[in-house]
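Engineer: Starting off with a structure, shown below.
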Amino acid sequence: MKPTWILVADSGRARIFTTETPSSPLLEIEDFSHIEGRLHDREITSDLPGKIKSTGGGGHAFEQPTDPKQHEAENFAHLVAHFLLDAHNAKKFDHLLIVAAPAFLGLLRSHLHEPVKQLICFELDKDLSKMNASDIRQHLPEFLPSL
């Protein structure tokens, strides 16, 4: 039987767990991080935006079209979505539970491919990525989908 996977993520870290039985403790099988997602804006951008002078003598700074942290979160959501698609195509899991920080959960949903979306049986919009496996397990249903 293919396992149920539990993805626990935020904009800088994604962890994948599974269990031996529907009510057993979680076992971590993957852990990957996106360091850029944890940096401050000033650490991501290497330069300040340019300035423009107007004819009246005043001026203002150019604004970046996208927030650097948001851009990095989008990149990580895209990476996680492709990882899940590859794992699905390799038939590594039958059910998927997702626990993610609210903002990252929205980004992840927008990047997930339809075959992976169809395997999602539970979502929780909480940031539990820094918790240990037993604490995360307490936030999940008592019995996970059939293994």
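Chain identifiers are assigned as A, B, and so on, following the order in which chains appear in the structure tokens; residues are numbered from 1 within each chain, and ligands are numbered from 1 in order of appearance.
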Excluding stretch 91-103 of chain A and any residue of its chain fewer than 4 positions from it, enumerate the residues within 6 Å of it, using only C-alpha atoms, and give them as a PyMOL selection string.
Structural biologist: chain A and resi 2-10+87+119-127
Engineer: Any chance you can output those residues with C-alpha atoms as a PDB file, in the first residue's frame?
Structural biologist:
ATOM      1  CA  LYS A   2       1.121   3.544  -0.727  1.00  0.00           C
ATOM      2  CA  PRO A   3       1.385   5.805   2.296  1.00  0.00           C
ATOM      3  CA  THR A   4      -0.493   8.880   3.271  1.00  0.00           C
ATOM      4  CA  TRP A   5       1.748  11.934   3.223  1.00  0.00           C
ATOM      5  CA  ILE A   6       1.435  14.887   5.557  1.00  0.00           C
ATOM      6  CA  LEU A   7       3.003  18.115   4.286  1.00  0.00           C
ATOM      7  CA  VAL A   8       3.806  20.705   6.955  1.00  0.00           C
ATOM      8  CA  ALA A   9       5.122  23.944   5.474  1.00  0.00           C
ATOM      9  CA  ASP A  10       5.678  27.648   5.631  1.00  0.00           C
ATOM     10  CA  ALA A  87       6.186  12.133  -6.059  1.00  0.00           C
ATOM     11  CA  LEU A 119      -5.421  13.526  -3.416  1.00  0.00           C
ATOM     12  CA  ILE A 120      -5.830  16.196  -0.717  1.00  0.00           C
ATOM     13  CA  CYS A 121      -8.123  14.941   2.018  1.00  0.00           C
ATOM     14  CA  PHE A 122      -7.340  17.436   4.795  1.00  0.00           C
ATOM     15  CA  GLU A 123      -6.041  21.008   5.061  1.00  0.00           C
ATOM     16  CA  LEU A 124      -5.170  23.052   8.114  1.00  0.00           C
ATOM     17  CA  ASP A 125      -4.115  26.691   7.894  1.00  0.00           C
ATOM     18  CA  LYS A 126      -1.676  26.853  10.821  1.00  0.00           C
ATOM     19  CA  ASP A 127       2.060  27.325  10.947  1.00  0.00           C
TER      20      ASP A 127
END
Engineer: Give me the residues within 8 Å of A:Phe76 as a PyMOL selection string, counting only C-alpha atoms and dropping any in the same chain fewer than 4 places off.
Structural biologist: chain A and resi 11-12+34+37+72+80
Engineer: Write out, as a PDB file, in the first residue's frame, the residues just selected, with C-alpha atoms.
Structural biologist:
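selection-v5.pdb written:
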ATOM      1  CA  SER A  11       7.432  30.030   3.239  1.00  0.00           C
ATOM      2  CA  GLY A  12      10.866  28.804   4.304  1.00  0.00           C
ATOM      3  CA  HIS A  34      14.221  27.671   1.351  1.00  0.00           C
ATOM      4  CA  GLY A  37      12.080  32.688   2.532  1.00  0.00           C
ATOM      5  CA  GLU A  72      10.598  34.041  -2.691  1.00  0.00           C
ATOM      6  CA  VAL A  80       7.024  22.255  -3.320  1.00  0.00           C
TER       7      VAL A  80
END
Engineer: Can you pull out the residues contacting stretch 23-30 of chain A? Cut-off 9 Å, using only C-alpha atoms, and skip same-chain residues under 4 positions away; I want them as a PyMOL selection string.
Structural biologist: chain A and resi 6+14-19+133-134+136-137+141-144
Engineer: Could you check the closest approach to A:Pro115 for each of A:Leu140, A:Ala90, A:Ala77, A:Leu85 and tell me which residue wins, using only C-alpha atoms?
Structural biologist: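 Closest to A:Pro115, using only C-alpha atoms: A:Leu85.
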Engineer: Can you work out the spacing between atom CA of A:Pro22 and atom CA of A:Pro145 in Å, to one decimal?
Structural biologist: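 Distance reported for this atom pair: 6.3 Å.
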Engineer: Set the distance at 9 Å and use only C-alpha atoms: which residues neighbour A:Leu107 once local chain neighbours fewer than 6 positions away are removed? I'd like the list as a PyMOL selection string.
Structural biologist: chain A and resi 73-74+77-78
Engineer: Take the residues from that selection and write them out as a PDB file, in the first residue's frame, keeping N, CA and C atoms.
Structural biologist:
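The resulting selection.pdb:
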ATOM      1  N   ALA A  73       8.512  33.435  -1.554  1.00  0.00           N
ATOM      2  CA  ALA A  73       7.477  32.503  -1.124  1.00  0.00           C
ATOM      3  C   ALA A  73       6.817  31.836  -2.335  1.00  0.00           C
ATOM      4  N   GLU A  74       6.577  32.615  -3.397  1.00  0.00           N
ATOM      5  CA  GLU A  74       6.031  32.059  -4.649  1.00  0.00           C
ATOM      6  C   GLU A  74       6.980  31.010  -5.223  1.00  0.00           C
ATOM      7  N   ALA A  77       6.732  27.861  -3.086  1.00  0.00           N
ATOM      8  CA  ALA A  77       5.465  27.168  -3.325  1.00  0.00           C
ATOM      9  C   ALA A  77       5.527  26.402  -4.648  1.00  0.00           C
ATOM     10  N   HIS A  78       6.116  27.017  -5.647  1.00  0.00           N
ATOM     11  CA  HIS A  78       6.280  26.374  -6.951  1.00  0.00           C
ATOM     12  C   HIS A  78       7.161  25.125  -6.827  1.00  0.00           C
TER      13      HIS A  78
END
Engineer: Tell me, as a list in words, which residues lie within 6 Å of A:Ala81, counting only C-alpha atoms; anything in the same chain fewer than 3 positions away does not count.
Structural biologist: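 That gives His78, Leu84, His111 and Leu112 of chain A.
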Engineer: For the selection just defined, write its residues with N, CA and C atoms to a file, as an mmCIF file, in the first residue's frame.
Structural biologist:
data_model
loop_
_atom_site.group_PDB
_atom_site.id
_atom_site.type_symbol
_atom_site.label_atom_id
_atom_site.label_comp_id
_atom_site.auth_asym_id
_atom_site.auth_seq_id
_atom_site.Cartn_x
_atom_site.Cartn_y
_atom_site.Cartn_z
ATOM 1 N N HIS A 78 6.116 27.017 -5.647
ATOM 2 C CA HIS A 78 6.280 26.374 -6.951
ATOM 3 C C HIS A 78 7.161 25.125 -6.827
ATOM 4 N N LEU A 84 5.768 17.588 -5.116
ATOM 5 C CA LEU A 84 4.592 16.751 -4.885
ATOM 6 C C LEU A 84 4.106 16.098 -6.179
ATOM 7 N N HIS A 111 -0.380 26.818 -6.873
ATOM 8 C CA HIS A 111 0.673 26.166 -7.652
ATOM 9 C C HIS A 111 0.483 24.659 -7.790
ATOM 10 N N LEU A 112 -0.387 24.059 -6.976
ATOM 11 C CA LEU A 112 -0.576 22.613 -7.047
ATOM 12 C C LEU A 112 -1.226 22.209 -8.359
#
